[in-house]
Amino acid sequence: MAEAVEETRFWLKDNFAPVFEETTATDLKVTGQIPQALNGRLLRNGANPQSGESMHWFLGNGMLHGVEIRGGQANWYRNRYVRTPLFLDTDADVMSSLNDMSRSAANTHVIHHAGKILALEEGHWPFEVNDELDTVGPHNFGGKLAGAMTAHPKTCPETGELISFAYGMAPPYLTYHRTNAQGEMVQVEHITVPGATMVHDFNITRNYTIFMDLPAVWNFEGLAATGLPVVWDESYGARLGVMPRNGTDADVKWYEINPCYVFHPMNAYEDGDRIIIDVCRMEDTMKPGSNSPPLLYRWEIDNVAGTVKETQLDDRSVEFPRVCDTRVGLPYRYGYTAAFAGGMPYAEGIMKYDMVNHRSDYHDLKGGQGSEPVFVKNPAGSSEDDGWVLAYVYQPEINRSEVVIVDAQHMDQDPVARIHLPVRVPAGFHGNWVPDGY
Ligand SMILES: [Fe+2]
């Protein structure tokens, strides 16, 4: 393994290190008052290599963490590996499983759609789990999903559709999927792009899907330097592809943009002839020697003029952007992000951005190390920010984690509740609130 990778193996240290025990805890101490309106589970996924070793932060076996909350009580905490064929083959690593869609690390995200909870990773099929985090099995939409599926599908709040895509190292390099509200995959569409790139996420609006084809190019020469078969190659160019949501490859309009990398957009929406996309933008990724911070930017695509305007919105290093589920792809006012601690990918605080009035609020985690903040709307509320921000937070002094519940309209105040867990939850990737009756 290259020295550069050895030196930066942060993902095996401190609270990034894996945990090996699967815990079920039902007697959870709570400080404060859990809102009665919260009835469901806060789930989160992350890479947790069962061998204790992995070449890259993105490659460990998926482990789900969950806390069930109902009627003002915290019922349980559970953590479970996602039991995929890759997990069950204890000698294998994910690089040996690139062409077998069932051999997923299933480590990146967890969502619910059409009555199923799915653990996702972008190189393989989704894996279904039940609401106590036990693995059901791979889910390929009745055979309609031949290849992989992104870990960042979008559920349209107006139609209930699940919009997704996949990228491949061999043609087809990009494939679009549309799944209806009942869970039936109704469209699979190959999209023409110049080559194989790592496409981590994408955007939807009410009428459009917007792909991000950026110069993180698949190349096994990248393995030695970064631990992933990806190289930064600006000669590939960078472009956004705008396609009607129900359109085809022939309908895609491509717009050149400045080379950059975006793991995660905050949201996108239409404004007349323009499409607004807010993203956590980095100057590059997988570029040896570079540690470019993710910064909040806005892209404004003018579909008439054929231009993209790029504006930096903040100079703070932020990632894991989220919005209210009912505003995905629609005009929105509030976004929530992790405020990164120095160069490390965990939160020292939680940002709330008011995208209309151009201001932000900050929730200081006071030495805690937070994960992606998940906004959960108050079912009885009306305004977009009437709800709570939930996150797993590691407390280094006691080597344990907690779930914090912050009133989204009072980000500067202490959490309204903290659910104390008997173990630590390693720093990980993405998660979701799965309400009762999902
Ligand atoms: Fe992601």
# chains A, B, ... in the order shown; residues from 1 in each chain; ligands from 1
>>> residues_near_ligand(ligand="ligand 1", cutoff="7 Å", atoms="only C-alpha atoms and all ligand atoms", output="compact mmCIF listing (two decimals) with C-alpha atoms, in the first residue's frame")
# COMPACT_ATOMS: atom_id res chain seq x y z
CA THR A 108 -23.36 4.36 2.44
CA ALA A 151 -26.69 5.50 -2.64
CA HIS A 152 -28.38 8.89 -3.18
CA HIS A 200 -21.79 9.96 -6.26
CA ASP A 201 -25.00 11.97 -6.28
CA PHE A 263 -20.20 14.60 -3.43
CA HIS A 264 -23.49 16.07 -2.24
CA PHE A 429 -21.96 8.39 6.22
CA HIS A 430 -25.69 8.92 5.73
>>> select_by_dssp(residues="range 174-279 of chain A", states="helix (DSSP H, G or I)", output="ChimeraX atom specification")
/A:222-226,234-236,249-251
>>> residues_around(residues="Pro172 in chain A", least_positions_apart="3", cutoff="10 Å", atoms="only C-alpha atoms", output="PDB file with C-alpha atoms, in the first residue's frame")
ATOM      1  CA  GLY A 147     -26.544  -3.002 -12.604  1.00  0.00           C
ATOM      2  CA  ALA A 166     -25.987   4.212 -11.630  1.00  0.00           C
ATOM      3  CA  TYR A 167     -22.531   4.654 -13.028  1.00  0.00           C
ATOM      4  CA  GLY A 168     -20.333   1.905 -14.393  1.00  0.00           C
ATOM      5  CA  MET A 169     -16.655   1.385 -15.076  1.00  0.00           C
ATOM      6  CA  THR A 175     -27.902   4.738 -16.409  1.00  0.00           C
ATOM      7  CA  GLU A 189     -32.404   4.726 -19.587  1.00  0.00           C
ATOM      8  CA  HIS A 190     -28.761   4.680 -20.710  1.00  0.00           C
ATOM      9  CA  ILE A 191     -27.220   8.156 -20.742  1.00  0.00           C
ATOM     10  CA  THR A 192     -24.305   8.990 -23.042  1.00  0.00           C
ATOM     11  CA  VAL A 193     -21.241  10.454 -21.329  1.00  0.00           C
ATOM     12  CA  GLY A 195     -16.235   8.088 -20.034  1.00  0.00           C
ATOM     13  CA  ALA A 196     -16.437   6.358 -16.674  1.00  0.00           C
TER      14      ALA A 196
END
>>> atom_distance(atom1="CA of Pro153 in chain A", atom2="CA of Phe202 in chain A")
8.1 Å
>>> residues_around(residues="Phe141 in chain A", least_positions_apart="4", cutoff="9 Å", atoms="only C-alpha atoms", output="JSON, numbers by chain")
{"A": [145, 179, 183, 184, 185]}
>>> residues_around(residues="range 279-294 of chain A", least_positions_apart="3", cutoff="9 Å", atoms="only C-alpha atoms", output="number ranges by chain")
A: 4, 215-216, 222, 225-226, 228, 230-234, 259-268, 297-299, 312, 316-321, 343
>>> write_last_selection(atoms="N, CA and C atoms", output="short mmCIF file (atom, residue, chain, number, x, y, z; two decimals), in the first residue's frame")
data_model
loop_
_atom_site.label_atom_id
_atom_site.label_comp_id
_atom_site.auth_asym_id
_atom_site.auth_seq_id
_atom_site.Cartn_x
_atom_site.Cartn_y
_atom_site.Cartn_z
N ALA A 4 1.42 7.26 1.03
CA ALA A 4 0.44 8.35 1.17
C ALA A 4 -0.86 7.84 1.78
N PRO A 215 -14.71 15.38 -13.24
CA PRO A 215 -13.48 14.69 -13.65
C PRO A 215 -12.82 13.80 -12.58
N ALA A 216 -13.62 13.03 -11.85
CA ALA A 216 -13.09 11.95 -11.00
C ALA A 216 -13.25 10.67 -11.83
N GLY A 222 -5.19 4.83 -9.87
CA GLY A 222 -5.48 5.63 -8.69
C GLY A 222 -5.37 4.85 -7.39
N ALA A 225 -2.37 5.56 -4.96
CA ALA A 225 -2.29 6.88 -4.33
C ALA A 225 -3.43 7.14 -3.35
N THR A 226 -4.61 6.67 -3.66
CA THR A 226 -5.77 7.06 -2.84
C THR A 226 -6.50 5.88 -2.22
N LEU A 228 -8.56 4.12 -3.92
CA LEU A 228 -9.71 3.91 -4.78
C LEU A 228 -9.25 3.96 -6.24
N VAL A 230 -9.69 5.61 -8.80
CA VAL A 230 -10.19 6.87 -9.35
C VAL A 230 -9.01 7.84 -9.42
N VAL A 231 -8.91 8.58 -10.52
CA VAL A 231 -7.90 9.64 -10.59
C VAL A 231 -8.58 10.97 -10.92
N TRP A 232 -7.96 12.04 -10.48
CA TRP A 232 -8.43 13.39 -10.82
C TRP A 232 -7.83 13.77 -12.16
N ASP A 233 -8.68 14.03 -13.17
CA ASP A 233 -8.21 14.29 -14.53
C ASP A 233 -9.03 15.42 -15.14
N GLU A 234 -8.51 16.66 -15.01
CA GLU A 234 -9.28 17.82 -15.48
C GLU A 234 -9.46 17.83 -16.99
N PRO A 259 -14.08 22.78 -13.66
CA PRO A 259 -13.77 21.51 -13.02
C PRO A 259 -13.88 21.62 -11.49
N CYS A 260 -14.52 20.64 -10.90
CA CYS A 260 -14.72 20.62 -9.45
C CYS A 260 -15.25 19.24 -9.11
N TYR A 261 -15.39 18.95 -7.82
CA TYR A 261 -16.10 17.73 -7.46
C TYR A 261 -17.16 18.05 -6.42
N VAL A 262 -18.31 17.41 -6.57
CA VAL A 262 -19.41 17.54 -5.63
C VAL A 262 -19.82 16.15 -5.20
N PHE A 263 -19.61 15.84 -3.94
CA PHE A 263 -20.20 14.60 -3.43
C PHE A 263 -21.70 14.79 -3.23
N HIS A 264 -22.09 15.94 -2.64
CA HIS A 264 -23.49 16.07 -2.24
C HIS A 264 -24.08 17.44 -2.54
N PRO A 265 -25.15 17.47 -3.32
CA PRO A 265 -25.94 18.70 -3.42
C PRO A 265 -26.83 18.85 -2.18
N MET A 266 -27.14 20.09 -1.87
CA MET A 266 -28.13 20.33 -0.80
C MET A 266 -29.53 20.17 -1.37
N ASN A 267 -29.79 20.84 -2.51
CA ASN A 267 -31.11 20.74 -3.13
C ASN A 267 -31.06 21.43 -4.49
N ALA A 268 -32.08 21.23 -5.29
CA ALA A 268 -32.20 21.88 -6.60
C ALA A 268 -33.67 22.21 -6.82
N TYR A 297 -21.82 26.28 -2.57
CA TYR A 297 -21.88 27.04 -3.82
C TYR A 297 -23.29 26.94 -4.40
N ARG A 298 -23.61 27.90 -5.25
CA ARG A 298 -24.85 27.85 -6.03
C ARG A 298 -24.52 27.85 -7.51
N TRP A 299 -25.13 26.91 -8.24
CA TRP A 299 -25.10 26.94 -9.70
C TRP A 299 -26.48 27.40 -10.17
N GLN A 312 -20.06 31.36 -4.90
CA GLN A 312 -19.77 30.80 -3.58
C GLN A 312 -20.68 31.46 -2.55
N ARG A 316 -17.26 28.57 4.98
CA ARG A 316 -17.08 27.55 6.01
C ARG A 316 -17.08 26.16 5.36
N SER A 317 -16.27 25.26 5.92
CA SER A 317 -16.21 23.90 5.38
C SER A 317 -17.41 23.10 5.89
N VAL A 318 -18.32 22.78 4.97
CA VAL A 318 -19.56 22.09 5.37
C VAL A 318 -19.86 20.94 4.41
N GLU A 319 -20.49 19.91 4.94
CA GLU A 319 -20.85 18.74 4.13
C GLU A 319 -22.08 18.07 4.75
N PHE A 320 -22.46 16.93 4.17
CA PHE A 320 -23.67 16.22 4.56
C PHE A 320 -24.89 17.16 4.57
N PRO A 321 -25.14 17.86 3.44
CA PRO A 321 -26.26 18.79 3.39
C PRO A 321 -27.60 18.07 3.34
N GLY A 343 -9.92 19.65 9.05
CA GLY A 343 -9.97 18.85 7.82
C GLY A 343 -10.65 17.52 8.01
#
>>> select_by_dssp(residues="range 58-126 of chain A", states="strand (DSSP E or B)", output="list in words")
Gly62, Met63, Leu64, His65, Gly66, Val67, Glu68, Ile69, Arg70, Gln73, Ala74, Asn75, Trp76, Tyr77, Arg78, Asn79, Arg80, Tyr81, His109, Val110, Ile111, His112, His113, Lys116, Ile117, Leu118, Ala119 and Leu120 of chain A
